[in-house]
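For reference, data-v8.txt (compact mmCIF, C-alpha atoms):
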```txt
# COMPACT_ATOMS: atom_id res chain seq x y z
CA MET A 985 28.46 61.06 44.58
CA SER A 986 29.18 57.59 43.19
CA ASP A 987 32.38 56.39 41.56
CA ARG A 988 31.46 54.64 38.30
CA ARG A 989 34.86 52.96 37.88
CA ARG A 990 34.44 50.91 41.05
CA PRO A 991 31.84 48.10 40.98
CA HIS A 992 29.08 48.19 43.55
CA GLY A 993 30.22 46.71 46.85
CA ALA A 994 33.93 46.63 45.96
CA ALA A 995 36.38 47.25 48.76
CA GLU A 996 39.33 49.59 48.65
CA PRO A 997 41.99 48.61 46.11
CA ALA A 998 44.57 46.10 47.31
CA PRO A 999 48.08 47.45 47.72
CA ARG A 1000 50.66 46.56 45.11
CA ALA A 1001 52.51 43.30 45.61
CA ARG A 1002 55.91 44.85 44.87
CA PRO A 1003 57.02 48.33 45.87
CA GLY A 1004 58.06 50.72 43.15
CA ALA A 1005 58.81 54.35 42.53
CA THR A 1006 56.15 54.94 39.90
CA GLY A 1007 53.11 53.30 41.49
CA ARG A 1008 50.11 51.87 39.69
CA ARG A 1009 49.23 53.15 36.27
CA PHE A 1010 45.51 52.50 36.75
CA PRO A 1011 43.73 51.94 40.07
CA ARG A 1012 42.58 48.40 40.79
CA THR A 1013 38.87 47.82 40.22
CA GLY A 1014 38.76 44.80 42.49
CA THR A 1015 37.83 42.38 39.70
CA GLU A 1016 41.29 41.30 38.54
CA PRO A 1017 43.42 38.82 40.48
CA VAL A 1018 46.03 40.32 42.77
CA THR A 1019 48.68 37.97 41.36
CA ALA A 1020 47.84 38.46 37.65
CA GLN A 1021 50.88 38.20 35.43
CA SER A 1022 51.61 38.38 31.73
CA PRO A 1023 52.19 34.97 30.09
CA LEU A 1024 55.94 35.51 29.94
CA ARG A 1025 56.90 32.08 28.65
CA LEU A 1026 54.46 32.40 25.75
CA ARG A 1027 55.81 35.87 24.92
CA LEU A 1028 59.34 34.46 25.06
CA LEU A 1029 58.40 31.63 22.70
CA LEU A 1030 56.67 33.93 20.22
CA SER A 1031 59.55 36.41 20.20
CA ALA A 1032 62.10 33.62 19.84
CA VAL A 1033 60.19 32.15 16.87
CA PHE A 1034 59.32 35.34 15.00
CA LEU A 1035 62.56 37.29 15.46
CA PRO A 1036 64.60 34.94 13.23
CA LEU A 1037 61.73 34.75 10.73
CA PHE A 1038 61.53 38.53 10.40
CA VAL A 1039 65.32 38.87 10.16
CA ALA A 1040 65.44 36.15 7.50
CA GLY A 1041 62.58 37.82 5.63
CA ALA A 1042 64.34 41.17 5.69
CA ALA A 1043 67.56 39.60 4.42
CA PHE A 1044 65.75 37.57 1.74
CA PHE A 1045 63.79 40.54 0.38
CA GLY A 1046 66.86 42.78 0.60
CA VAL A 1047 69.00 40.36 -1.43
CA TRP A 1048 66.15 39.84 -3.91
CA ALA A 1049 65.77 43.61 -4.31
CA ALA A 1050 69.51 43.95 -4.92
CA ASP A 1051 69.37 41.33 -7.71
CA THR A 1052 66.29 42.82 -9.40
CA GLY A 1053 66.72 44.49 -12.77
CA SER A 1054 64.88 47.55 -14.04
CA GLY A 1055 62.15 45.64 -15.89
CA ASP A 1056 61.65 42.74 -13.45
CA SER A 1057 58.44 42.01 -11.64
CA PRO A 1058 58.06 42.53 -8.70
CA GLY A 1059 59.89 45.81 -8.78
CA ARG A 1060 62.75 46.88 -6.60
CA ALA A 1061 60.67 49.40 -4.63
CA GLY A 1062 58.15 46.76 -3.54
CA LEU A 1063 60.87 44.37 -2.42
CA VAL A 1064 62.67 47.10 -0.50
CA ALA A 1065 59.37 47.97 1.19
CA LEU A 1066 58.85 44.32 2.18
CA ALA A 1067 62.39 44.16 3.56
CA ALA A 1068 61.75 47.33 5.57
CA VAL A 1069 58.49 45.95 6.96
CA CYS A 1070 60.19 42.73 8.03
CA ALA A 1071 62.99 44.70 9.67
CA ALA A 1072 60.45 46.94 11.40
CA PHE A 1073 58.66 43.87 12.82
CA ALA A 1074 61.96 42.37 13.96
CA LEU A 1075 62.75 45.37 16.19
CA PRO A 1076 59.81 44.97 18.63
CA ALA A 1077 60.30 41.19 18.63
CA ALA A 1078 63.93 41.68 19.68
CA ALA A 1079 62.98 44.25 22.30
CA ASP A 1080 60.29 41.97 23.73
CA LEU A 1081 62.73 39.07 23.82
CA VAL A 1082 65.18 41.14 25.88
CA VAL A 1083 62.48 42.46 28.24
CA VAL A 1084 60.87 39.08 28.87
CA ALA A 1085 64.22 37.34 29.40
CA GLY A 1086 65.15 40.01 31.93
CA ARG A 1087 61.88 39.65 33.81
CA LEU A 1088 62.26 35.88 33.94
CA ARG A 1089 65.82 36.21 35.25
CA ARG A 1090 64.65 38.57 38.01
CA GLY A 1091 62.42 35.84 39.32
CA ARG A 1092 58.97 36.80 38.08
CA GLY A 1093 58.65 33.38 36.46
CA THR A 1094 60.72 30.34 35.63
CA PRO A 1095 64.43 31.18 35.23
CA VAL A 1096 65.79 31.24 31.69
CA PRO A 1097 68.40 28.50 31.09
CA HIS A 1098 71.80 29.83 29.99
```
Turn this file's structure into structure tokens for me.
Amino acid sequence: MSDRRRPHGAAEPAPRARPGATGRRFPRTGTEPVTAQSPLRLRLLLSAVFLPLFVAGAAFFGVWAADTGSGDSPGRAGLVALAAVCAAFALPAAADLVVVAGRLRRGRGTPVPH
């Protein structure tokens, strides 16, 4: 019986580079590099740029919604929705910023300057 997930002629999967309690989520197929890593510095840059933008957007739309009268266009509900969307996008950006900074401090990449 053949295993369709493993390419023809592939050897046994390489062991993990770092030990851990949970193990691999998916077995190695033999086609990805053993030392493959996420582009942590790019993720750090994107999170650092977009977190303040989303926070500023949430504050801007929130203040605008507070100053909107009953007959103004755009309406208060639309501005509150935009503020909520900006705040919702800021949460994963902040979480990613914390995770990536922690990984860089642990030595997976270039240390983060303090």
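Of note, atom CA of A:Gly1053 and atom CA of A:Gly1041 are spaced 20.0 Å apart.
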**Asked** In Å to one decimal, how far is atom CA of A:Val1083 from atom CA of A:Leu1066?
**Response** 26.4 Å
**Asked** So what do you get for atom CA of A:Val1082 versus atom CA of A:Leu1035, distance-wise?
**Response**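 Separation of atom CA of A:Val1082 and atom CA of A:Leu1035: 11.4 Å.
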**Message:** I'd like the contact shell of A:Ala1043 - 12 Å cut-off, all atoms listed in the file, skipping same-chain residues fewer than 5 positions apart - returned as a VMD selection string.
**Reply:** chain A and resid 1036 to 1038 1048 to 1050 1063 to 1064 1066 to 1071 1074
**Message:** If we count only C-alpha atoms and set the cut-off at 10 Å, which residues sit around A:Phe1034, ignoring sequence neighbours fewer than 5 positions away in its own chain? Please answer as number ranges by chain.
**Reply:** A: 1029, 1039-1040, 1073-1074, 1077-1078
**Prompt:** Looking at all atoms listed in the file, which of A:Thr1052, A:Ser1022, A:Ser1031, A:Ser1057 is the one that sits closest to A:Leu1075?
**Reply:**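 Ranked by minimum distance to A:Leu1075, first place goes to A:Ser1031.
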